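Student: I'd like to ask you about the structure that follows.
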Amino acid sequence: MLTLSEGLVLGLLRQGVRTFFAIFGHGSTDLVNVLRVYAEEGHASVIHCRNEVKMAHAATARAWVHGETPAVVTSIGPGALQAMAGSLAAASNGVGVYHIYGDETTRGEGYNMQQVPKPEQGMFGRITALMGQSCTLHTP
């Protein structure tokens with residue numbers, strides 16, 4: 001039995017993703033706990049960042065220069081939208097980079113200040129679907 005976060009990490013590792021550029025916070029706490037274990041065992045490398053746009057560009061540059069597919073991980077809120085803006089360089093140049101956004105709060109908390117400013121859930125998933133292939137994973 002795996003949690004959703006561990007299944008996601010294992011799936012990415014099996015696809016050759018070894019480097020995770022990340023800004024962790026609400027919406028990605030379970031994922032950070034799983035990545036910590038895999039990084040401590042030498043199966044993954046986590047690069048902690050401070051700006052989502054720069055993080056997305058760094059991941060794109062790594063993919064372009066080294067020919068590997070990295071992942072970008074952000075928490076919910078404005079940071080995810082900034083990472084999405086940074087993803088345009090990879091998307092427009094056909095450079096493979098996974099973007100994982102801690103979409104929304106959990107447990108039916110409803111609309112909050114970290115979401116797209118519309119009293120509705122599921123907005124990040126719909127926006128990313130407009131950009132290209134996208135899926136939403138929910139509940140371990």
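Identifiers in this document derive from the order of the structure tokens: chains are assigned A, B, ..., residues are numbered from 1 separately in each chain, and ligands are numbered from 1 in order of occurrence.
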Leaving out Arg36 (chain A) and any residue of its chain fewer than 2 positions from it, which residues lie within 12 Å of it when counting only C-alpha atoms, given as a PyMOL selection string?

Tutor: chain A and resi 5-6+9+20+22+24+29-34+38-48

Student: Keeping N, CA, C and O atoms, export the residues of the selection given above as a PDB file, in the first residue's frame.

Tutor:
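This went into result.pdb:
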ATOM      1  N   SER A   5       1.397  10.403  -2.596  1.00  0.00           N
ATOM      2  CA  SER A   5       2.685  11.085  -2.779  1.00  0.00           C
ATOM      3  C   SER A   5       3.802  10.113  -3.106  1.00  0.00           C
ATOM      4  O   SER A   5       4.625  10.370  -3.988  1.00  0.00           O
ATOM      5  N   GLU A   6       3.856   8.980  -2.409  1.00  0.00           N
ATOM      6  CA  GLU A   6       4.911   8.021  -2.695  1.00  0.00           C
ATOM      7  C   GLU A   6       4.709   7.387  -4.071  1.00  0.00           C
ATOM      8  O   GLU A   6       5.672   7.173  -4.818  1.00  0.00           O
ATOM      9  N   VAL A   9       6.050   9.889  -6.571  1.00  0.00           N
ATOM     10  CA  VAL A   9       7.513   9.914  -6.596  1.00  0.00           C
ATOM     11  C   VAL A   9       8.050   8.665  -7.292  1.00  0.00           C
ATOM     12  O   VAL A   9       8.941   8.752  -8.145  1.00  0.00           O
ATOM     13  N   PHE A  20      14.525  17.248  -8.407  1.00  0.00           N
ATOM     14  CA  PHE A  20      13.298  17.954  -8.057  1.00  0.00           C
ATOM     15  C   PHE A  20      13.660  19.362  -7.601  1.00  0.00           C
ATOM     16  O   PHE A  20      14.324  19.534  -6.584  1.00  0.00           O
ATOM     17  N   ALA A  22      12.321  22.623  -5.955  1.00  0.00           N
ATOM     18  CA  ALA A  22      11.144  22.697  -5.092  1.00  0.00           C
ATOM     19  C   ALA A  22      11.094  23.920  -4.194  1.00  0.00           C
ATOM     20  O   ALA A  22      12.117  24.396  -3.708  1.00  0.00           O
ATOM     21  N   PHE A  24       8.564  24.137  -1.073  1.00  0.00           N
ATOM     22  CA  PHE A  24       7.537  23.380  -0.374  1.00  0.00           C
ATOM     23  C   PHE A  24       6.718  24.268   0.548  1.00  0.00           C
ATOM     24  O   PHE A  24       7.191  25.291   1.023  1.00  0.00           O
ATOM     25  N   THR A  29       3.217  19.234   1.643  1.00  0.00           N
ATOM     26  CA  THR A  29       3.923  18.731   2.822  1.00  0.00           C
ATOM     27  C   THR A  29       4.085  17.213   2.794  1.00  0.00           C
ATOM     28  O   THR A  29       5.131  16.700   3.189  1.00  0.00           O
ATOM     29  N   ASP A  30       3.096  16.482   2.345  1.00  0.00           N
ATOM     30  CA  ASP A  30       3.233  15.033   2.279  1.00  0.00           C
ATOM     31  C   ASP A  30       4.275  14.645   1.242  1.00  0.00           C
ATOM     32  O   ASP A  30       5.086  13.744   1.456  1.00  0.00           O
ATOM     33  N   LEU A  31       4.289  15.348   0.128  1.00  0.00           N
ATOM     34  CA  LEU A  31       5.259  15.073  -0.931  1.00  0.00           C
ATOM     35  C   LEU A  31       6.682  15.329  -0.438  1.00  0.00           C
ATOM     36  O   LEU A  31       7.595  14.556  -0.726  1.00  0.00           O
ATOM     37  N   VAL A  32       6.901  16.396   0.315  1.00  0.00           N
ATOM     38  CA  VAL A  32       8.248  16.693   0.820  1.00  0.00           C
ATOM     39  C   VAL A  32       8.721  15.597   1.765  1.00  0.00           C
ATOM     40  O   VAL A  32       9.902  15.225   1.755  1.00  0.00           O
ATOM     41  N   ASN A  33       7.832  15.045   2.546  1.00  0.00           N
ATOM     42  CA  ASN A  33       8.223  13.969   3.457  1.00  0.00           C
ATOM     43  C   ASN A  33       8.672  12.731   2.686  1.00  0.00           C
ATOM     44  O   ASN A  33       9.624  12.061   3.069  1.00  0.00           O
ATOM     45  N   VAL A  34       8.005  12.418   1.605  1.00  0.00           N
ATOM     46  CA  VAL A  34       8.399  11.271   0.777  1.00  0.00           C
ATOM     47  C   VAL A  34       9.712  11.565   0.059  1.00  0.00           C
ATOM     48  O   VAL A  34      10.629  10.736   0.050  1.00  0.00           O
ATOM     49  N   TYR A  38      13.591   9.539  -0.054  1.00  0.00           N
ATOM     50  CA  TYR A  38      14.254   9.087  -1.275  1.00  0.00           C
ATOM     51  C   TYR A  38      15.553   9.856  -1.527  1.00  0.00           C
ATOM     52  O   TYR A  38      16.519   9.301  -2.059  1.00  0.00           O
ATOM     53  N   ALA A  39      15.600  11.119  -1.144  1.00  0.00           N
ATOM     54  CA  ALA A  39      16.837  11.896  -1.279  1.00  0.00           C
ATOM     55  C   ALA A  39      17.897  11.401  -0.291  1.00  0.00           C
ATOM     56  O   ALA A  39      19.071  11.263  -0.657  1.00  0.00           O
ATOM     57  N   GLU A  40      17.501  11.110   0.937  1.00  0.00           N
ATOM     58  CA  GLU A  40      18.449  10.595   1.928  1.00  0.00           C
ATOM     59  C   GLU A  40      19.051   9.267   1.496  1.00  0.00           C
ATOM     60  O   GLU A  40      20.194   8.964   1.820  1.00  0.00           O
ATOM     61  N   GLU A  41      18.299   8.469   0.757  1.00  0.00           N
ATOM     62  CA  GLU A  41      18.778   7.173   0.273  1.00  0.00           C
ATOM     63  C   GLU A  41      19.527   7.286  -1.060  1.00  0.00           C
ATOM     64  O   GLU A  41      19.959   6.281  -1.614  1.00  0.00           O
ATOM     65  N   GLY A  42      19.647   8.512  -1.586  1.00  0.00           N
ATOM     66  CA  GLY A  42      20.411   8.730  -2.809  1.00  0.00           C
ATOM     67  C   GLY A  42      19.667   8.460  -4.111  1.00  0.00           C
ATOM     68  O   GLY A  42      20.277   8.404  -5.171  1.00  0.00           O
ATOM     69  N   HIS A  43      18.349   8.322  -4.038  1.00  0.00           N
ATOM     70  CA  HIS A  43      17.569   8.040  -5.247  1.00  0.00           C
ATOM     71  C   HIS A  43      17.056   9.296  -5.930  1.00  0.00           C
ATOM     72  O   HIS A  43      16.607   9.239  -7.077  1.00  0.00           O
ATOM     73  N   ALA A  44      17.102  10.414  -5.228  1.00  0.00           N
ATOM     74  CA  ALA A  44      16.604  11.671  -5.786  1.00  0.00           C
ATOM     75  C   ALA A  44      17.445  12.816  -5.245  1.00  0.00           C
ATOM     76  O   ALA A  44      18.073  12.699  -4.197  1.00  0.00           O
ATOM     77  N   SER A  45      17.432  13.911  -5.973  1.00  0.00           N
ATOM     78  CA  SER A  45      18.105  15.134  -5.543  1.00  0.00           C
ATOM     79  C   SER A  45      17.061  16.238  -5.477  1.00  0.00           C
ATOM     80  O   SER A  45      16.322  16.461  -6.439  1.00  0.00           O
ATOM     81  N   VAL A  46      16.982  16.904  -4.337  1.00  0.00           N
ATOM     82  CA  VAL A  46      16.022  17.987  -4.158  1.00  0.00           C
ATOM     83  C   VAL A  46      16.793  19.300  -4.063  1.00  0.00           C
ATOM     84  O   VAL A  46      17.651  19.455  -3.196  1.00  0.00           O
ATOM     85  N   ILE A  47      16.490  20.209  -4.976  1.00  0.00           N
ATOM     86  CA  ILE A  47      17.121  21.526  -4.991  1.00  0.00           C
ATOM     87  C   ILE A  47      16.099  22.529  -4.476  1.00  0.00           C
ATOM     88  O   ILE A  47      15.082  22.775  -5.135  1.00  0.00           O
ATOM     89  N   HIS A  48      16.362  23.074  -3.299  1.00  0.00           N
ATOM     90  CA  HIS A  48      15.434  24.020  -2.679  1.00  0.00           C
ATOM     91  C   HIS A  48      15.624  25.394  -3.312  1.00  0.00           C
ATOM     92  O   HIS A  48      16.742  25.888  -3.428  1.00  0.00           O
TER      93      HIS A  48
END

Student: Using backbone DSSP assignments, extract all strand (DSSP E) residues from chain A; output them as a ChimeraX atom specification.

Tutor: /A:19-22,45-48,71-74,98-101

Student: Using only C-alpha atoms, can you tell me which of A:Leu4, A:Ala59, A:Trp64, A:Met84 comes closest to Ala129 (chain A)?

Tutor: A:Met84

Student: How many Å lie between CA of His26 (chain A) and CA of Leu130 (chain A), rounded to one decimal?

Tutor: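 We find that CA of His26 (chain A) and CA of Leu130 (chain A) lie 24.2 Å from each other.
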
Student: For Cys49 (chain A), list every protein, DNA or RNA residue within 10 Å, evaluated using only C-alpha atoms, and leave out those in the same chain fewer than 2 positions away; present the list as a compact mmCIF listing (two decimals) with N, CA and C atoms, in the first residue's frame.

Tutor:
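Written output follows (part11.txt):
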# COMPACT_ATOMS: atom_id res chain seq x y z
N PHE A 21 13.26 20.36 -8.37
CA PHE A 21 13.40 21.76 -7.97
C PHE A 21 12.16 22.10 -7.17
N ALA A 22 12.32 22.62 -5.95
CA ALA A 22 11.14 22.70 -5.09
C ALA A 22 11.09 23.92 -4.19
N ILE A 23 9.87 24.39 -4.00
CA ILE A 23 9.51 25.32 -2.94
C ILE A 23 8.32 24.67 -2.25
N PHE A 24 8.56 24.14 -1.07
CA PHE A 24 7.54 23.38 -0.37
C PHE A 24 6.72 24.27 0.55
N VAL A 46 16.98 16.90 -4.34
CA VAL A 46 16.02 17.99 -4.16
C VAL A 46 16.79 19.30 -4.06
N ILE A 47 16.49 20.21 -4.98
CA ILE A 47 17.12 21.53 -4.99
C ILE A 47 16.10 22.53 -4.48
N ASN A 51 12.31 31.20 -5.68
CA ASN A 51 11.48 31.94 -6.62
C ASN A 51 10.96 30.97 -7.66
N GLU A 52 9.66 30.91 -7.83
CA GLU A 52 9.05 29.91 -8.69
C GLU A 52 9.38 30.09 -10.16
N VAL A 53 9.45 31.33 -10.63
CA VAL A 53 9.76 31.57 -12.05
C VAL A 53 11.19 31.13 -12.33
N LYS A 54 12.13 31.55 -11.48
CA LYS A 54 13.53 31.16 -11.66
C LYS A 54 13.69 29.65 -11.55
N MET A 55 12.93 29.03 -10.64
CA MET A 55 12.99 27.59 -10.46
C MET A 55 12.57 26.88 -11.75
N ALA A 56 11.50 27.34 -12.36
CA ALA A 56 11.03 26.73 -13.61
C ALA A 56 12.07 26.88 -14.71
N ALA A 58 15.34 27.26 -14.24
CA ALA A 58 16.49 26.41 -13.89
C ALA A 58 16.23 24.96 -14.29
N VAL A 72 9.43 20.18 -11.22
CA VAL A 72 9.26 21.42 -10.46
C VAL A 72 8.11 21.18 -9.50
N VAL A 73 8.31 21.49 -8.22
CA VAL A 73 7.28 21.27 -7.21
C VAL A 73 7.03 22.58 -6.46
N THR A 74 5.77 23.01 -6.45
CA THR A 74 5.42 24.21 -5.68
C THR A 74 4.24 23.90 -4.77

Student: Of the candidates A:Val116, A:Thr60, A:Leu35, A:Thr128, which shows the shortest atom-to-atom distance to Leu10 (chain A), using only C-alpha atoms?

Tutor: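 Looking at the shortest contact to Leu10 (chain A), the residue is A:Leu35.
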
Student: Using only C-alpha atoms, which residues sit within 10 Å of Met131 (chain A) once same-chain residues fewer than 6 positions away are excluded, as an NGL selection string?

Tutor: :A and (84 or 87-88 or 91)

Student: Could you tell me how far CA of Ala89 (chain A) sits from CA of His66 (chain A), in Å to one decimal place?

Tutor: 16.3 Å

Student: Can you list, as an mmCIF file with C-alpha atoms, in the first residue's frame, every residue of region 4-109 of chain A that DSSP puts in alpha helix (DSSP H)?

Tutor:
data_model
loop_
_atom_site.group_PDB
_atom_site.id
_atom_site.type_symbol
_atom_site.label_atom_id
_atom_site.label_comp_id
_atom_site.auth_asym_id
_atom_site.auth_seq_id
_atom_site.Cartn_x
_atom_site.Cartn_y
_atom_site.Cartn_z
ATOM 1 C CA LEU A 4 -0.526 9.108 -3.326
ATOM 2 C CA SER A 5 2.685 11.085 -2.779
ATOM 3 C CA GLU A 6 4.911 8.021 -2.695
ATOM 4 C CA GLY A 7 3.201 6.594 -5.768
ATOM 5 C CA LEU A 8 3.832 9.885 -7.572
ATOM 6 C CA VAL A 9 7.513 9.914 -6.596
ATOM 7 C CA LEU A 10 7.985 6.263 -7.596
ATOM 8 C CA GLY A 11 6.267 6.897 -10.925
ATOM 9 C CA LEU A 12 8.562 9.835 -11.645
ATOM 10 C CA LEU A 13 11.669 7.900 -10.574
ATOM 11 C CA ARG A 14 10.688 5.075 -12.930
ATOM 12 C CA THR A 29 3.923 18.731 2.822
ATOM 13 C CA ASP A 30 3.233 15.033 2.279
ATOM 14 C CA LEU A 31 5.259 15.073 -0.931
ATOM 15 C CA VAL A 32 8.248 16.693 0.820
ATOM 16 C CA ASN A 33 8.223 13.969 3.457
ATOM 17 C CA VAL A 34 8.399 11.271 0.777
ATOM 18 C CA LEU A 35 11.059 13.096 -1.255
ATOM 19 C CA ARG A 36 13.173 13.547 1.891
ATOM 20 C CA VAL A 37 13.361 9.777 2.361
ATOM 21 C CA TYR A 38 14.254 9.087 -1.275
ATOM 22 C CA ALA A 39 16.837 11.896 -1.279
ATOM 23 C CA GLU A 40 18.449 10.595 1.928
ATOM 24 C CA GLU A 52 9.049 29.911 -8.689
ATOM 25 C CA VAL A 53 9.762 31.568 -12.046
ATOM 26 C CA LYS A 54 13.527 31.160 -11.665
ATOM 27 C CA MET A 55 12.991 27.591 -10.459
ATOM 28 C CA ALA A 56 11.033 26.729 -13.610
ATOM 29 C CA HIS A 57 13.742 28.266 -15.788
ATOM 30 C CA ALA A 58 16.494 26.410 -13.894
ATOM 31 C CA ALA A 59 14.654 23.116 -14.445
ATOM 32 C CA THR A 60 14.269 23.923 -18.137
ATOM 33 C CA ALA A 61 17.974 24.740 -18.435
ATOM 34 C CA ARG A 62 18.902 21.495 -16.668
ATOM 35 C CA ALA A 63 16.737 19.493 -19.058
ATOM 36 C CA TRP A 64 18.110 21.309 -22.077
ATOM 37 C CA VAL A 65 21.787 21.103 -21.114
ATOM 38 C CA HIS A 66 21.913 17.686 -19.459
ATOM 39 C CA PRO A 78 0.431 32.502 -6.313
ATOM 40 C CA GLY A 79 3.657 30.490 -6.440
ATOM 41 C CA ALA A 80 2.036 27.801 -8.547
ATOM 42 C CA LEU A 81 0.851 30.426 -11.032
ATOM 43 C CA GLN A 82 4.356 31.886 -11.151
ATOM 44 C CA ALA A 83 5.852 28.446 -11.805
ATOM 45 C CA MET A 84 3.269 27.969 -14.531
ATOM 46 C CA ALA A 85 4.370 31.245 -16.128
ATOM 47 C CA GLY A 86 7.956 29.986 -15.983
ATOM 48 C CA LEU A 88 6.219 28.544 -20.939
ATOM 49 C CA ALA A 89 9.902 28.388 -21.938
ATOM 50 C CA ALA A 90 9.945 24.599 -21.627
ATOM 51 C CA ALA A 91 6.536 24.171 -23.233
ATOM 52 C CA SER A 92 7.250 26.406 -26.231
ATOM 53 C CA ASN A 93 10.608 24.726 -26.889
#

Student: Just want the 12 Å neighbourhood of Cys135 (chain A), counted on only C-alpha atoms, with same-chain residues fewer than 5 positions away dropped. Output as an MDAnalysis selection string.

Tutor: chainID A and resid 8 98:101 103 122 124:130

Student: Output N, CA, C and O atoms of each residue in that selection to a file, as a PDB file, in the first residue's frame.

Tutor:
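Final file, result-v9.pdb:
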ATOM      1  N   LEU A   8       3.410   8.854  -6.620  1.00  0.00           N
ATOM      2  CA  LEU A   8       3.832   9.885  -7.572  1.00  0.00           C
ATOM      3  C   LEU A   8       5.349   9.905  -7.696  1.00  0.00           C
ATOM      4  O   LEU A   8       5.894   9.915  -8.808  1.00  0.00           O
ATOM      5  N   TYR A  98       8.465  18.165 -15.710  1.00  0.00           N
ATOM      6  CA  TYR A  98       7.214  17.956 -14.987  1.00  0.00           C
ATOM      7  C   TYR A  98       6.989  19.120 -14.030  1.00  0.00           C
ATOM      8  O   TYR A  98       7.920  19.572 -13.371  1.00  0.00           O
ATOM      9  N   HIS A  99       5.747  19.574 -13.966  1.00  0.00           N
ATOM     10  CA  HIS A  99       5.359  20.594 -12.988  1.00  0.00           C
ATOM     11  C   HIS A  99       4.313  19.994 -12.067  1.00  0.00           C
ATOM     12  O   HIS A  99       3.283  19.504 -12.539  1.00  0.00           O
ATOM     13  N   ILE A 100       4.589  20.040 -10.781  1.00  0.00           N
ATOM     14  CA  ILE A 100       3.681  19.482  -9.784  1.00  0.00           C
ATOM     15  C   ILE A 100       3.293  20.614  -8.842  1.00  0.00           C
ATOM     16  O   ILE A 100       4.136  21.156  -8.124  1.00  0.00           O
ATOM     17  N   TYR A 101       2.020  20.962  -8.884  1.00  0.00           N
ATOM     18  CA  TYR A 101       1.524  22.068  -8.065  1.00  0.00           C
ATOM     19  C   TYR A 101       0.633  21.523  -6.963  1.00  0.00           C
ATOM     20  O   TYR A 101      -0.295  20.775  -7.234  1.00  0.00           O
ATOM     21  N   ASP A 103      -2.210  21.848  -5.437  1.00  0.00           N
ATOM     22  CA  ASP A 103      -3.342  22.586  -5.998  1.00  0.00           C
ATOM     23  C   ASP A 103      -4.120  23.392  -4.969  1.00  0.00           C
ATOM     24  O   ASP A 103      -4.206  24.594  -5.045  1.00  0.00           O
ATOM     25  N   GLY A 122     -10.686  23.433  -7.950  1.00  0.00           N
ATOM     26  CA  GLY A 122     -10.306  22.768  -9.191  1.00  0.00           C
ATOM     27  C   GLY A 122      -9.794  23.705 -10.266  1.00  0.00           C
ATOM     28  O   GLY A 122      -9.604  23.294 -11.408  1.00  0.00           O
ATOM     29  N   PHE A 124      -6.794  25.344 -10.646  1.00  0.00           N
ATOM     30  CA  PHE A 124      -5.444  25.101 -11.150  1.00  0.00           C
ATOM     31  C   PHE A 124      -5.457  23.963 -12.175  1.00  0.00           C
ATOM     32  O   PHE A 124      -4.792  24.043 -13.209  1.00  0.00           O
ATOM     33  N   GLY A 125      -6.183  22.914 -11.891  1.00  0.00           N
ATOM     34  CA  GLY A 125      -6.263  21.798 -12.827  1.00  0.00           C
ATOM     35  C   GLY A 125      -6.824  22.214 -14.169  1.00  0.00           C
ATOM     36  O   GLY A 125      -6.366  21.762 -15.220  1.00  0.00           O
ATOM     37  N   ARG A 126      -7.808  23.082 -14.154  1.00  0.00           N
ATOM     38  CA  ARG A 126      -8.392  23.540 -15.418  1.00  0.00           C
ATOM     39  C   ARG A 126      -7.435  24.462 -16.173  1.00  0.00           C
ATOM     40  O   ARG A 126      -7.350  24.405 -17.397  1.00  0.00           O
ATOM     41  N   ILE A 127      -6.722  25.308 -15.439  1.00  0.00           N
ATOM     42  CA  ILE A 127      -5.770  26.207 -16.097  1.00  0.00           C
ATOM     43  C   ILE A 127      -4.628  25.403 -16.715  1.00  0.00           C
ATOM     44  O   ILE A 127      -4.247  25.639 -17.857  1.00  0.00           O
ATOM     45  N   THR A 128      -4.086  24.439 -15.971  1.00  0.00           N
ATOM     46  CA  THR A 128      -2.985  23.647 -16.521  1.00  0.00           C
ATOM     47  C   THR A 128      -3.455  22.806 -17.704  1.00  0.00           C
ATOM     48  O   THR A 128      -2.679  22.569 -18.634  1.00  0.00           O
ATOM     49  N   ALA A 129      -4.692  22.372 -17.699  1.00  0.00           N
ATOM     50  CA  ALA A 129      -5.222  21.607 -18.833  1.00  0.00           C
ATOM     51  C   ALA A 129      -5.277  22.469 -20.090  1.00  0.00           C
ATOM     52  O   ALA A 129      -5.139  21.956 -21.206  1.00  0.00           O
ATOM     53  N   LEU A 130      -5.458  23.770 -19.939  1.00  0.00           N
ATOM     54  CA  LEU A 130      -5.436  24.669 -21.089  1.00  0.00           C
ATOM     55  C   LEU A 130      -4.035  24.778 -21.674  1.00  0.00           C
ATOM     56  O   LEU A 130      -3.866  25.016 -22.867  1.00  0.00           O
TER      57      LEU A 130
END

Student: Counting only C-alpha atoms, which residue out of A:Ala71, A:Met1, A:Leu137, A:Met123 sits closest to Gly96 (chain A)?

Tutor: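 Looking at the shortest contact to Gly96 (chain A), the residue is A:Ala71.
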